Amino acid sequence: MMDYRENHVRGRDGRLVEVEAVWIAEAERFDGAMVVASARGATMEEAWATLRDDIECSRVRTLSRVRLLER
């Protein structure tokens, strides 16, 4: 998944000083346990590259509370 948001940086008087682009890339895998990785970047390419690096280096989170529904 890829998501985009903007962080608005304001001065003490409340005026908008800067808009920071933030791209968030997320991936998940289920192979008996839910494994999630997430990364941020100023560009879409930077976020994906960081996510791929995190996955290759095993910087992921394992979620232990996943409930499977029977069909």
# chains A, B, ... in the order shown; residues from 1 in each chain; ligands from 1
>>> select_by_dssp(residues="chain A", states="strand (DSSP E or B)", output="PyMOL selection string")
chain A and resi 2-10+16-30+34-41+61-63
>>> select_by_dssp(residues="chain A", states="alpha helix (DSSP H)", output="ChimeraX atom specification")
/A:44-56
>>> write_last_selection(atoms="N, CA, C and O atoms", output="PDB file, in the first residue's frame")
ATOM      1  N   MET A  44       7.773   9.048  -3.473  1.00  0.00           N
ATOM      2  CA  MET A  44       7.251   7.692  -3.546  1.00  0.00           C
ATOM      3  C   MET A  44       8.404   6.692  -3.718  1.00  0.00           C
ATOM      4  O   MET A  44       8.434   5.643  -3.075  1.00  0.00           O
ATOM      5  N   GLU A  45       9.358   7.027  -4.557  1.00  0.00           N
ATOM      6  CA  GLU A  45      10.490   6.144  -4.818  1.00  0.00           C
ATOM      7  C   GLU A  45      11.328   5.919  -3.566  1.00  0.00           C
ATOM      8  O   GLU A  45      11.790   4.814  -3.291  1.00  0.00           O
ATOM      9  N   GLU A  46      11.528   6.987  -2.791  1.00  0.00           N
ATOM     10  CA  GLU A  46      12.302   6.881  -1.551  1.00  0.00           C
ATOM     11  C   GLU A  46      11.589   5.984  -0.545  1.00  0.00           C
ATOM     12  O   GLU A  46      12.213   5.156   0.122  1.00  0.00           O
ATOM     13  N   ALA A  47      10.287   6.125  -0.427  1.00  0.00           N
ATOM     14  CA  ALA A  47       9.519   5.292   0.510  1.00  0.00           C
ATOM     15  C   ALA A  47       9.592   3.828   0.112  1.00  0.00           C
ATOM     16  O   ALA A  47       9.815   2.960   0.956  1.00  0.00           O
ATOM     17  N   TRP A  48       9.412   3.506  -1.189  1.00  0.00           N
ATOM     18  CA  TRP A  48       9.481   2.111  -1.644  1.00  0.00           C
ATOM     19  C   TRP A  48      10.874   1.546  -1.435  1.00  0.00           C
ATOM     20  O   TRP A  48      11.028   0.394  -1.007  1.00  0.00           O
ATOM     21  N   ALA A  49      11.921   2.324  -1.748  1.00  0.00           N
ATOM     22  CA  ALA A  49      13.296   1.849  -1.582  1.00  0.00           C
ATOM     23  C   ALA A  49      13.595   1.556  -0.114  1.00  0.00           C
ATOM     24  O   ALA A  49      14.213   0.533   0.213  1.00  0.00           O
ATOM     25  N   THR A  50      13.141   2.423   0.773  1.00  0.00           N
ATOM     26  CA  THR A  50      13.360   2.215   2.206  1.00  0.00           C
ATOM     27  C   THR A  50      12.593   0.984   2.689  1.00  0.00           C
ATOM     28  O   THR A  50      13.105   0.184   3.480  1.00  0.00           O
ATOM     29  N   LEU A  51      11.362   0.803   2.198  1.00  0.00           N
ATOM     30  CA  LEU A  51      10.567  -0.372   2.571  1.00  0.00           C
ATOM     31  C   LEU A  51      11.267  -1.655   2.124  1.00  0.00           C
ATOM     32  O   LEU A  51      11.393  -2.598   2.901  1.00  0.00           O
ATOM     33  N   ARG A  52      11.735  -1.692   0.883  1.00  0.00           N
ATOM     34  CA  ARG A  52      12.436  -2.884   0.380  1.00  0.00           C
ATOM     35  C   ARG A  52      13.683  -3.175   1.210  1.00  0.00           C
ATOM     36  O   ARG A  52      13.961  -4.322   1.552  1.00  0.00           O
ATOM     37  N   ASP A  53      14.430  -2.134   1.567  1.00  0.00           N
ATOM     38  CA  ASP A  53      15.627  -2.308   2.392  1.00  0.00           C
ATOM     39  C   ASP A  53      15.256  -2.840   3.770  1.00  0.00           C
ATOM     40  O   ASP A  53      15.918  -3.736   4.297  1.00  0.00           O
ATOM     41  N   ASP A  54      14.202  -2.287   4.369  1.00  0.00           N
ATOM     42  CA  ASP A  54      13.761  -2.756   5.685  1.00  0.00           C
ATOM     43  C   ASP A  54      13.377  -4.231   5.639  1.00  0.00           C
ATOM     44  O   ASP A  54      13.715  -5.002   6.544  1.00  0.00           O
ATOM     45  N   ILE A  55      12.683  -4.644   4.585  1.00  0.00           N
ATOM     46  CA  ILE A  55      12.271  -6.043   4.467  1.00  0.00           C
ATOM     47  C   ILE A  55      13.485  -6.944   4.278  1.00  0.00           C
ATOM     48  O   ILE A  55      13.604  -7.987   4.928  1.00  0.00           O
ATOM     49  N   GLU A  56      14.408  -6.551   3.415  1.00  0.00           N
ATOM     50  CA  GLU A  56      15.609  -7.347   3.184  1.00  0.00           C
ATOM     51  C   GLU A  56      16.463  -7.478   4.436  1.00  0.00           C
ATOM     52  O   GLU A  56      17.117  -8.494   4.644  1.00  0.00           O
TER      53      GLU A  56
END
>>> residues_around(residues="Ala21 (chain A)", least_positions_apart="6", cutoff="10 Å", atoms="only C-alpha atoms", output="list in words")
Tyr4, Arg5, Glu6, Asn7, His8, Gly41, Ala42, Thr43 and Met44 of chain A
>>> atom_distance(atom1="CA of Arg29 (chain A)", atom2="CA of Leu69 (chain A)")
16.8 Å
>>> atom_distance(atom1="CA of Asp3 (chain A)", atom2="CA of Arg59 (chain A)")
19.8 Å
>>> residues_around(residues="Met1 (chain A)", least_positions_apart="6", cutoff="7 Å", atoms="only C-alpha atoms", output="VMD selection string")
chain A and resid 25 to 27
>>> write_last_selection(atoms="C-alpha atoms", output="mmCIF file, in the first residue's frame")
data_model
loop_
_atom_site.group_PDB
_atom_site.id
_atom_site.type_symbol
_atom_site.label_atom_id
_atom_site.label_comp_id
_atom_site.auth_asym_id
_atom_site.auth_seq_id
_atom_site.Cartn_x
_atom_site.Cartn_y
_atom_site.Cartn_z
ATOM 1 C CA ALA A 25 4.760 2.553 1.982
ATOM 2 C CA GLU A 26 3.436 -0.520 3.816
ATOM 3 C CA ALA A 27 3.595 -4.243 3.175
#
>>> closest_residue(among="A:Glu70, A:Arg40, A:Thr62, A:Arg12", to="Glu28 (chain A)", atoms="only C-alpha atoms")
A:Thr62
>>> atom_distance(atom1="CA of Arg61 (chain A)", atom2="CA of Trp23 (chain A)")
19.4 Å
>>> residues_around(residues="Ser64 (chain A)", least_positions_apart="4", cutoff="10 Å", atoms="only C-alpha atoms", output="PDB file with all heavy atoms, in the first residue's frame")
ATOM      1  N   GLY A  32       1.450 -17.828   8.844  1.00  0.00           N
ATOM      2  CA  GLY A  32       1.314 -18.369  10.193  1.00  0.00           C
ATOM      3  C   GLY A  32       1.325 -17.269  11.232  1.00  0.00           C
ATOM      4  O   GLY A  32       0.812 -17.432  12.328  1.00  0.00           O
ATOM      5  N   ALA A  33       1.946 -16.155  10.916  1.00  0.00           N
ATOM      6  CA  ALA A  33       1.949 -14.956  11.757  1.00  0.00           C
ATOM      7  C   ALA A  33       1.884 -13.753  10.828  1.00  0.00           C
ATOM      8  O   ALA A  33       2.367 -13.798   9.695  1.00  0.00           O
ATOM      9  CB  ALA A  33       3.215 -14.895  12.610  1.00  0.00           C
ATOM     10  N   MET A  34       1.265 -12.697  11.297  1.00  0.00           N
ATOM     11  CA  MET A  34       1.163 -11.478  10.498  1.00  0.00           C
ATOM     12  C   MET A  34       2.463 -10.690  10.643  1.00  0.00           C
ATOM     13  O   MET A  34       2.877 -10.360  11.749  1.00  0.00           O
ATOM     14  CB  MET A  34      -0.016 -10.629  10.964  1.00  0.00           C
ATOM     15  CG  MET A  34      -0.165  -9.343  10.191  1.00  0.00           C
ATOM     16  SD  MET A  34      -0.588  -9.585   8.484  1.00  0.00           S
ATOM     17  CE  MET A  34      -2.339  -9.770   8.608  1.00  0.00           C
ATOM     18  N   VAL A  35       3.122 -10.406   9.516  1.00  0.00           N
ATOM     19  CA  VAL A  35       4.371  -9.653   9.498  1.00  0.00           C
ATOM     20  C   VAL A  35       4.110  -8.373   8.717  1.00  0.00           C
ATOM     21  O   VAL A  35       3.580  -8.405   7.609  1.00  0.00           O
ATOM     22  CB  VAL A  35       5.502 -10.472   8.841  1.00  0.00           C
ATOM     23  CG1 VAL A  35       6.794  -9.676   8.821  1.00  0.00           C
ATOM     24  CG2 VAL A  35       5.699 -11.792   9.567  1.00  0.00           C
TER      25      VAL A  35
END
>>> closest_residue(among="A:Val36, A:Cys57, A:Met2, A:Leu63", to="Val22 (chain A)", atoms="only C-alpha atoms")
A:Met2
